[in-house]
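The structure under discussion appears below in the form of structure tokens.
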Amino acid sequence: MNDRTWSLDGLYLGFDDPKYAEDFAALQAACAEFVAEAAKMNELEPLQMVKAYLEGSEKLTAMSSKLGQFAMLRHSANTNDADAASWSGRISETVSSVAGAKAAYSGAIAKLENLDELIEADETLQKYAFLLRNLRESSKYLMGAKEETVFARMDNSGATAWSNLQSQLTATVKVSYNGGYTNLSSIRNLAYDADADVRKAAYEAELAAYPQIADAVAFSLNSIKQQVLTECSLRGYDGPLDKTLKSAHMTRPTLDALLESMQAYFPKYWQYLRRKAEILGHQNGLPWYDLFAPMGSSGKTYTVEEAKEFLLEQFGKFDDSLKNMTARAFDERWIDFYPRTGKVGGAFCSPVKSLRQSRVLTNYDGSFSDIVTLAHELGHAYHNEQIFDQSALSRYTMPVAETASTFNECLVMQAAIAAADDKQVKLALIESRLQDSTQIICDIFSRYLFETSVFDARPQQFMGADNLCQKMIAAQKAAYGTGLDENFLHPYMWVCKSHYYSGGLSFYNFPYAFGGLFAGGLYAIYREEGKSFIPRYQKMLELTLSTTVEDTAKVMGIDLTKRDFWNQALAAIADEIDQFLELTEA
């Protein structure tokens, strides 16, 4: 038994570990060598030049990822860790020194008229075919070598610094509650409490805490979004969404089909929310503080050991490799479970390629929803298992990043619902699933609208906290419609969601809707095919590094650019809403 924090010893024993200093010095030397080699690239034959770029980039990525990930994980677990923040900055600064050399390499490779022929003729290059062809395509958005270096270095004191500020403030702000103080993660967990008075008091305490940090976080958001807009203009993108879609290897028709289908099903979700409001005694729709109110006999809380047993049982019915990986995650301390002051909120999974493992952060409080969150993050870890053998230079993109995680949620929830023989238990499970579904459809759409409105307004104005709150309320009204009581919304949702605070990753919202509905469609295929589905599913996850989003789906016979697929996935959720309405008819 351990203290339920993760172990990072497989990476380093600490920042005072001699190996950490040794590896950092090696990274500095490797960066200098990469820059020197890039200066001589014109002396090389085209094939040699491409291989030099790939070999050097692989080496740098492996070294910087190990060092940087240790610092990031340490900082996430304790944002007061000054050493973690300091080392993160040093690593970023060191890596930024090669930005110009990488740009020079990329420009030279993109100009090779015989690049396709080189790829087809060389076995090594064939493994990088998708990466190299995308490099050629994306080269049109590169700045000059000098400008790339300057931008990379300035980002450390720009968007990255502002993002760290948001993390620090939201992790450490004091929330006055029940005669004492707590943190945001803990107070937000009370939204799932069975006591209505506790939920409302927690909501009021949460909202009352935000003004302490809202102005500073507003500066963070404005600064990051301005940097993104400036970068898009300098690079020649049509805007942040255009840059996001190109980075995601996803087309606009796919996004449009997804969003249009979501909007078409909003009234069904509003019907569910109004029914829940009626049951809880509300007249004008559901107040925000009751969005996650448990229904049915859902009062049971689960220890970590009980969560482990449940997940192993359900995952074992699907795939032994998923079950075995989950057992390792619990037994080998891949997971940091509990909320505490200084720890970042929410949950995430980070691949640790050097160990062929993952690390998972949660703020576990014992509810069934927390088990679903664990299943979600372990889905990311399962995805990582399928791609560890591939190049460190490749990354799966945002939309498909949420597929395996949400598929795991389907496995857990559908199994639990099917096994429930008590009406109140079944109601609790279905309603819990609808809570999650409402988040990835209505709430995600509100976040998409909010971020769009911020990008639209930023060139003309600096948006203060009050303005941002108004934009958030407008977005929530548009997405939740008549389902919520407009007098009890959440104006500060922009403060606590870290997804808005990245200079390199905008619109990290629609991928959740994509992943949820895509996973739902995949689950329906699994129900039809059984075990024969698993090899194709694993192959699809493996291909997420080397194909577009649309081509990835084609492996499963799915056309993402048509609303038919998305409508089918949403229709299945509509059936669950009908089950909920039937169970609560009385």
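Chains: A, B, ... in order of the structure tokens. Residues: from 1 per chain. Ligands: from 1, in order shown.
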- Just asking: which residues within range 168-391 of chain A are alpha helix (DSSP H) according to DSSP, as a PyMOL selection string? chain A and resi 168-172+184-189+196-209+214-235+240-247+252-264+266-279+304-318+320-331+368-387
- Skip Arg275 in chain A itself and residues of its chain fewer than 3 positions away, then list as a list in words all residues within 9 Å of it, counting only C-alpha atoms. Trp270, Gln271, Tyr272, Glu278, Ile279, Leu280, Gly285, Leu286, Gly483, Leu581 and Thr584 of chain A
- Please provide the set of residues having any atom within 9 Å of range 527-533 of chain A, restricted to only C-alpha atoms, with same-chain residues fewer than 4 positions apart removed, written as a count of residues only. 6
- For each of A:Asp559, A:Asp256, A:Asp564, A:Asp336, take the minimum atom-to-atom distance to Trp6 in chain A, counting only C-alpha atoms, then give the residue where this is smallest.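 The answer is A:Asp336, which sits nearest to Trp6 in chain A.
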- Item | Long-range neighbours of range 111-118 of chain A as a PyMOL selection string, 9 Å cut-off, only C-alpha atoms, 4 positions minimum in chain | chain A and resi 46-47+106-107+122+125-126+129+132-133+136
Please produce an output containing N, CA, C and O atoms for each residue in the selection, written as a compact mmCIF listing (two decimals), in the first residue's frame.
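New file part.txt:
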```txt
# COMPACT_ATOMS: atom_id res chain seq x y z
N PRO A 46 20.65 15.11 -50.42
CA PRO A 46 19.29 15.22 -49.88
C PRO A 46 18.91 14.12 -48.90
O PRO A 46 18.35 14.40 -47.83
N LEU A 47 19.20 12.87 -49.25
CA LEU A 47 18.84 11.76 -48.36
C LEU A 47 19.58 11.88 -47.03
O LEU A 47 18.99 11.68 -45.95
N SER A 106 13.46 22.21 -41.96
CA SER A 106 12.11 22.02 -42.51
C SER A 106 11.96 22.70 -43.85
O SER A 106 11.39 22.14 -44.80
N GLY A 107 12.48 23.94 -43.95
CA GLY A 107 12.39 24.65 -45.22
C GLY A 107 13.14 23.95 -46.33
O GLY A 107 12.66 23.86 -47.47
N ASP A 122 13.57 4.56 -49.56
CA ASP A 122 14.35 4.34 -48.34
C ASP A 122 13.45 3.81 -47.22
O ASP A 122 12.43 4.43 -46.87
N LEU A 125 13.02 6.28 -44.17
CA LEU A 125 12.14 7.41 -44.44
C LEU A 125 10.68 6.98 -44.55
O LEU A 125 9.78 7.78 -44.25
N GLN A 126 10.43 5.76 -44.96
CA GLN A 126 9.05 5.29 -45.07
C GLN A 126 8.34 5.32 -43.71
O GLN A 126 7.13 5.55 -43.64
N ALA A 129 6.99 8.80 -43.30
CA ALA A 129 6.36 9.37 -44.50
C ALA A 129 5.31 10.41 -44.16
O ALA A 129 5.29 11.51 -44.74
N LEU A 132 6.96 13.58 -42.73
CA LEU A 132 7.70 14.36 -43.72
C LEU A 132 6.77 15.08 -44.69
O LEU A 132 7.01 16.24 -45.07
N ARG A 133 5.72 14.42 -45.09
CA ARG A 133 4.79 15.06 -46.03
C ARG A 133 4.02 16.18 -45.34
O ARG A 133 3.70 17.20 -45.97
N ARG A 136 6.31 19.13 -45.18
CA ARG A 136 6.30 19.86 -46.44
C ARG A 136 5.07 20.77 -46.54
O ARG A 136 5.18 21.93 -46.95
```
- Query: What lies within 7 Å of Ala202 in chain A using only C-alpha atoms, ignoring chain neighbours under 2 positions off, as a PyMOL selection string?
  - Reply: chain A and resi 187+190-191+198-200+204-206
Next, write the just-selected residues to a file, as a PDB file, in the first residue's frame, keeping N, CA and C atoms as the atom set.
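And here's result_27.pdb as it stands now:
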```
ATOM      1  N   ILE A 187     -13.628  21.987  -3.430  1.00  0.00           N
ATOM      2  CA  ILE A 187     -14.945  22.631  -3.415  1.00  0.00           C
ATOM      3  C   ILE A 187     -15.743  22.245  -4.650  1.00  0.00           C
ATOM      4  N   LEU A 190     -17.581  18.950  -4.444  1.00  0.00           N
ATOM      5  CA  LEU A 190     -18.831  18.939  -3.673  1.00  0.00           C
ATOM      6  C   LEU A 190     -20.048  19.137  -4.566  1.00  0.00           C
ATOM      7  N   ALA A 191     -19.853  19.449  -5.827  1.00  0.00           N
ATOM      8  CA  ALA A 191     -20.986  19.535  -6.761  1.00  0.00           C
ATOM      9  C   ALA A 191     -21.681  18.189  -6.907  1.00  0.00           C
ATOM     10  N   VAL A 198     -25.410  21.339   0.650  1.00  0.00           N
ATOM     11  CA  VAL A 198     -23.959  21.315   0.466  1.00  0.00           C
ATOM     12  C   VAL A 198     -23.607  21.753  -0.953  1.00  0.00           C
ATOM     13  N   ARG A 199     -24.339  21.246  -1.926  1.00  0.00           N
ATOM     14  CA  ARG A 199     -24.056  21.598  -3.328  1.00  0.00           C
ATOM     15  C   ARG A 199     -24.199  23.098  -3.556  1.00  0.00           C
ATOM     16  N   LYS A 200     -25.282  23.664  -3.048  1.00  0.00           N
ATOM     17  CA  LYS A 200     -25.514  25.090  -3.266  1.00  0.00           C
ATOM     18  C   LYS A 200     -24.472  25.928  -2.528  1.00  0.00           C
ATOM     19  N   GLU A 204     -21.747  28.534  -4.190  1.00  0.00           N
ATOM     20  CA  GLU A 204     -21.640  29.942  -3.779  1.00  0.00           C
ATOM     21  C   GLU A 204     -20.227  30.250  -3.275  1.00  0.00           C
ATOM     22  N   ALA A 205     -19.646  29.299  -2.546  1.00  0.00           N
ATOM     23  CA  ALA A 205     -18.282  29.507  -2.054  1.00  0.00           C
ATOM     24  C   ALA A 205     -17.283  29.553  -3.213  1.00  0.00           C
ATOM     25  N   GLU A 206     -17.503  28.689  -4.200  1.00  0.00           N
ATOM     26  CA  GLU A 206     -16.616  28.669  -5.363  1.00  0.00           C
ATOM     27  C   GLU A 206     -16.671  30.003  -6.095  1.00  0.00           C
TER      28      GLU A 206
END
```
- Task: Return as a ChimeraX atom specification the full set of residues in range 97-212 of chain A whose backbone-based DSSP assignment is strand (DSSP E or B).
- Result: /A:175-177,180-182
- Message: Applying 10 Å and only C-alpha atoms, which residues near Gly236 in chain A remain after dropping the ones on its own chain fewer than 5 positions away? List them as a PyMOL selection string.
- Response: chain A and resi 140-143+230-231+243
I need the chosen residues saved as a PDB file, in the first residue's frame, with C-alpha atoms.
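Dumped to part_6.pdb:
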```pdb
ATOM      1  CA  LYS A 140       4.375  27.346 -45.830  1.00  0.00           C
ATOM      2  CA  TYR A 141       3.504  28.545 -42.304  1.00  0.00           C
ATOM      3  CA  LEU A 142       7.105  28.734 -41.101  1.00  0.00           C
ATOM      4  CA  MET A 143       8.812  32.021 -40.375  1.00  0.00           C
ATOM      5  CA  THR A 230      -0.175  37.453 -33.592  1.00  0.00           C
ATOM      6  CA  GLU A 231       1.435  34.122 -34.387  1.00  0.00           C
ATOM      7  CA  LYS A 243      -4.287  26.599 -37.272  1.00  0.00           C
TER       8      LYS A 243
END
```
Counting only C-alpha atoms, give me one row per residue of range 170-280 of chain A with an atom at most 12 Å from an atom of range 300-315 of chain A, showing the shortest contact pair and its distance in Å to one decimal, sorted by chain then residue number, as a tab-separated table.
```
residue	atom	partner	partner_atom	distance
A:Tyr192	CA	A:Thr301	CA	11.1
A:Asp193	CA	A:Thr301	CA	10.5
A:Ala194	CA	A:Lys300	CA	9.9
```
Produce a file of the selected residues containing C-alpha atoms, as a PDB file, in the first residue's frame.
```pdb
ATOM      1  CA  TYR A 192     -21.553  15.751  -6.642  1.00  0.00           C
ATOM      2  CA  ASP A 193     -22.612  15.691  -2.986  1.00  0.00           C
ATOM      3  CA  ALA A 194     -25.938  14.058  -2.157  1.00  0.00           C
TER       4      ALA A 194
END
```
- Message: One decimal, in Å: what's the spacing between CA of Tyr492 in chain A and CA of Asp242 in chain A?
- Response: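 CA of Tyr492 in chain A sits 27.0 Å away from CA of Asp242 in chain A.
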